[in-house]
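K.L.:
One structure, as structure tokens, below. Some questions next.
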Amino acid sequence: MKALSYLKKLLTFCLIIGVTWNNTSIAQTQEDLKSFIQKLHSDQAYAQELQIENPSEVAAFYQSISYKTVWLEGKSDYQKEYLEVLKHASDYGLNRAKYHYSYLTSKHFPTLEYELILTHSIMEFYKDIANGVTSVDLSYNGLGYNNHCLNPTAMLLNTYAKGSVKDVISFLQPQSYGYQATQNLLTRLNIFVENENFQEPIVSQTTTFAENKELIKKLYYLGFLPTMTDASLLKEGMITNALKGFQSLYNIVPDGILGPVTLSKLSIPLTKLRAQLILNLNRWRVINCLDNQRYIQVNIPSASLALYDRDSLVMRMKTIVGKPITPTPTLCSEINKITFFPYYEVPQNVALNELLPIQQKEPSFFENNGYQLIDEKGFVLEANSIDWSTVSKDHFPYEVRQVAGCDNSLGLLKFDFDSPYALYLHDTNRKDLFSKNKRYLSNACIRLEKPYELATMLFQDRNLVEEFVKKRFEPHLSPTSFSLETPVKIFITYITADVDDFGSLVIYDDIYKKDILK
């Protein structure tokens with residue numbers, strides 16, 4: 001019995017010593033980590049040596065968890081999952097080398113240095129995948145919008161709490177259909193383009209599609225054909241349908257004919273398309289901080305408008321945007337007023353270069369189309385009261401406006417927002433133009449396919465809109481404006497990879513030559 005009692009005492013003593021040693025070891029690790037971080041924060045040369053750009057963010061994370069290690073003790077699943085994601089960073093349009101991939105996958109013993117570099121890596125990856133790798137690039141930033149809404153510390157704590165890197169990454173990325181479709185195609189292209197044996201298909205005309213091996217390869221790489229090797233599966237009609245899918249991808253009328261325009265798009269290397277997809281993923285990320293807000297996005301290359309309410313797409317419509325010589329600027333602002341029966345205040349360059357030559361050839365042009373002239377004193381003059389032989393581009397002491405009504409170029413209503421440009425969204429008297437695939441036709445302003453529906457959405461009052469629409473044939477209409485109780489944010493973007501009305505990815509024309517690709 002005495003021997004058993006002695007053994008119990010011995011075991012108890014050893015247990016106490018073990019717990020004390022373990023607690024001392026943990027406490028020492030925490031103190032070492034704290035000292036390590038303080039050096040990182042205070043010694044700029046040391047931070048540069050480790051290639052840690054934002055040591056304050058790393059410090060904030062460890063301070064919030066009382067300087068415990070995350071990756072080295074009991075959390076190895078995080079490390080394995082993240083490194084697997086990072087291995088395929090190109091599927092997100094990111095370069096894994098930026099995130100210390102070589103260091104993190106080399107045979108380093110678990111050290112505090114490794115711990116900090118891995119933390120920095122995942123923080124930077126989270127920021128880039130959520131908000132893009134560039135800053136906001138807008139011609140006018142009326143809202144002071146920036147794309148730095150992500151809190152890296154909070155996101156890493158979220159991973160620490162939930163135990164899933166992939167879940168957090170899925171949450172961080174833009175939820176728009178355009179982004180998702182772009183990433184899906186990029187992931188597919190990477191399978192082929194990153195293969196060291198990959199060779200770019202060179203497509204040319206052949207007598208039949210079935211013998212056009214290069215065309216079949218290209219359509220297979222892009223996902224329009226199930227195989228490029230099993231000839232028994234590839235009938236002529238199947239290849240024709242696949243070609244129509246390719247034409248739709250590039251916003252070409254899908255006639256299934258290998259014409260000059262289609263061939264020119266087929267000649268675009270997949271490596272260049274891949275670079276374009278990556279560029280546009282970043283553009284979607286830059287506006288990702290609009291999540292959980294109500295806003296309008298007008299995208300220039302797709303000539304479309306989308307109204308979002310938080311994560312939900314409320315409505316979508318076609319638009320007409322600026323010609324290359326009169327481009328629509330990118331901007332952010334707020335729609336604060338809607339005007340029914342607006343005057344069209346003609347921009348002076350349009351009045352001089354487009355309207356004046358017609359008026360001088362056809363003296364009744366201004367009168368027949370409802371144009372008035374405003375003199376230097378603000379008086380309204382009728383066009384037929386002017387001696388047009390005395391007027392020229394160098395001597396034109398008037399402003400031109402078009403009276404309100406159905407024939408007005410702005411249609412029955414316009415949506416006003418602050419900007420340094422004479423720019424607004426508006427109705428149009430040329431509804432036929434919305435049937436065109438490529439709608440880069442205006443003098444910068446944005447014409448809407450469904451202006452009344454948008455006004456109803458913003459007012460939340462169908463009766464008000466219908467009341468004014470019914471008055472459209474009355475004589476002597478004059479502008480009537482209503483302020484919005486809650487202004488709605490508007491973003492005019494330039495994204496050349498977007499979805500169409502059916503949710504299918506389309507690579508739109510780089511109409512303003514902003515896609516600078518290597």
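Every chain in the structure tokens has a letter given in the order shown (A, B, ...), and although residue numbers restart at 1 in each chain, ligands are simply numbered from 1 in the order shown.
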Could you write out, as a PyMOL selection string, all the residues of region 187-381 of chain A that DSSP marks as helix (DSSP H, G or I)?
P.N.:
chain A and resi 187-193+213-221+231-233+236-249+260-266+270-286+288-290+348-361+365-368
K.L.:
May I have the residues within 7 Å of Arg285 (chain A) as a PyMOL selection string, using only C-alpha atoms and disregarding those fewer than 3 positions away in the same chain?
P.N.:
chain A and resi 130-132+174+281-282+288
K.L.:
Mind giving me the straight-line distance from CA of Ser232 (chain A) to CA of Arg188 (chain A) in Å, one decimal?
P.N.:
24.0 Å
K.L.:
Excluding region 330-341 of chain A and any residue of its chain fewer than 5 positions from it, enumerate the residues within 9 Å of it, using only C-alpha atoms, and give them as a PyMOL selection string.
P.N.:
chain A and resi 137-145+295+299-300+403-406+408+410-419+455+465+468-469+472+477-494
K.L.:
Restricting the calculation to only C-alpha atoms, which member of A:Ile287, A:Cys149, A:Val168, A:Leu381 is positioned closest to Glu81 (chain A)?
P.N.:
A:Val168
K.L.:
Between A:Ser267, A:Thr119, A:Ser25, A:Gln293, which residue has the minimum interatomic distance to Ile202 (chain A), considering only C-alpha atoms?
P.N.:
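Of all the options, A:Ser267 lies closest to Ile202 (chain A).
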K.L.:
Pick out each residue of region 305-455 of chain A that DSSP on the backbone tags as strand (DSSP E or B); I need them as JSON, numbers by chain.
P.N.:
{"A": [305, 306, 307, 308, 309, 312, 313, 314, 315, 316, 317, 318, 319, 320, 321, 322, 331, 332, 333, 334, 335, 336, 337, 338, 339, 340, 344, 345, 371, 372, 373, 374, 380, 381, 382, 399, 400, 401, 402, 413, 414, 415, 416, 417, 425, 426, 440, 441, 442, 446, 447, 448]}
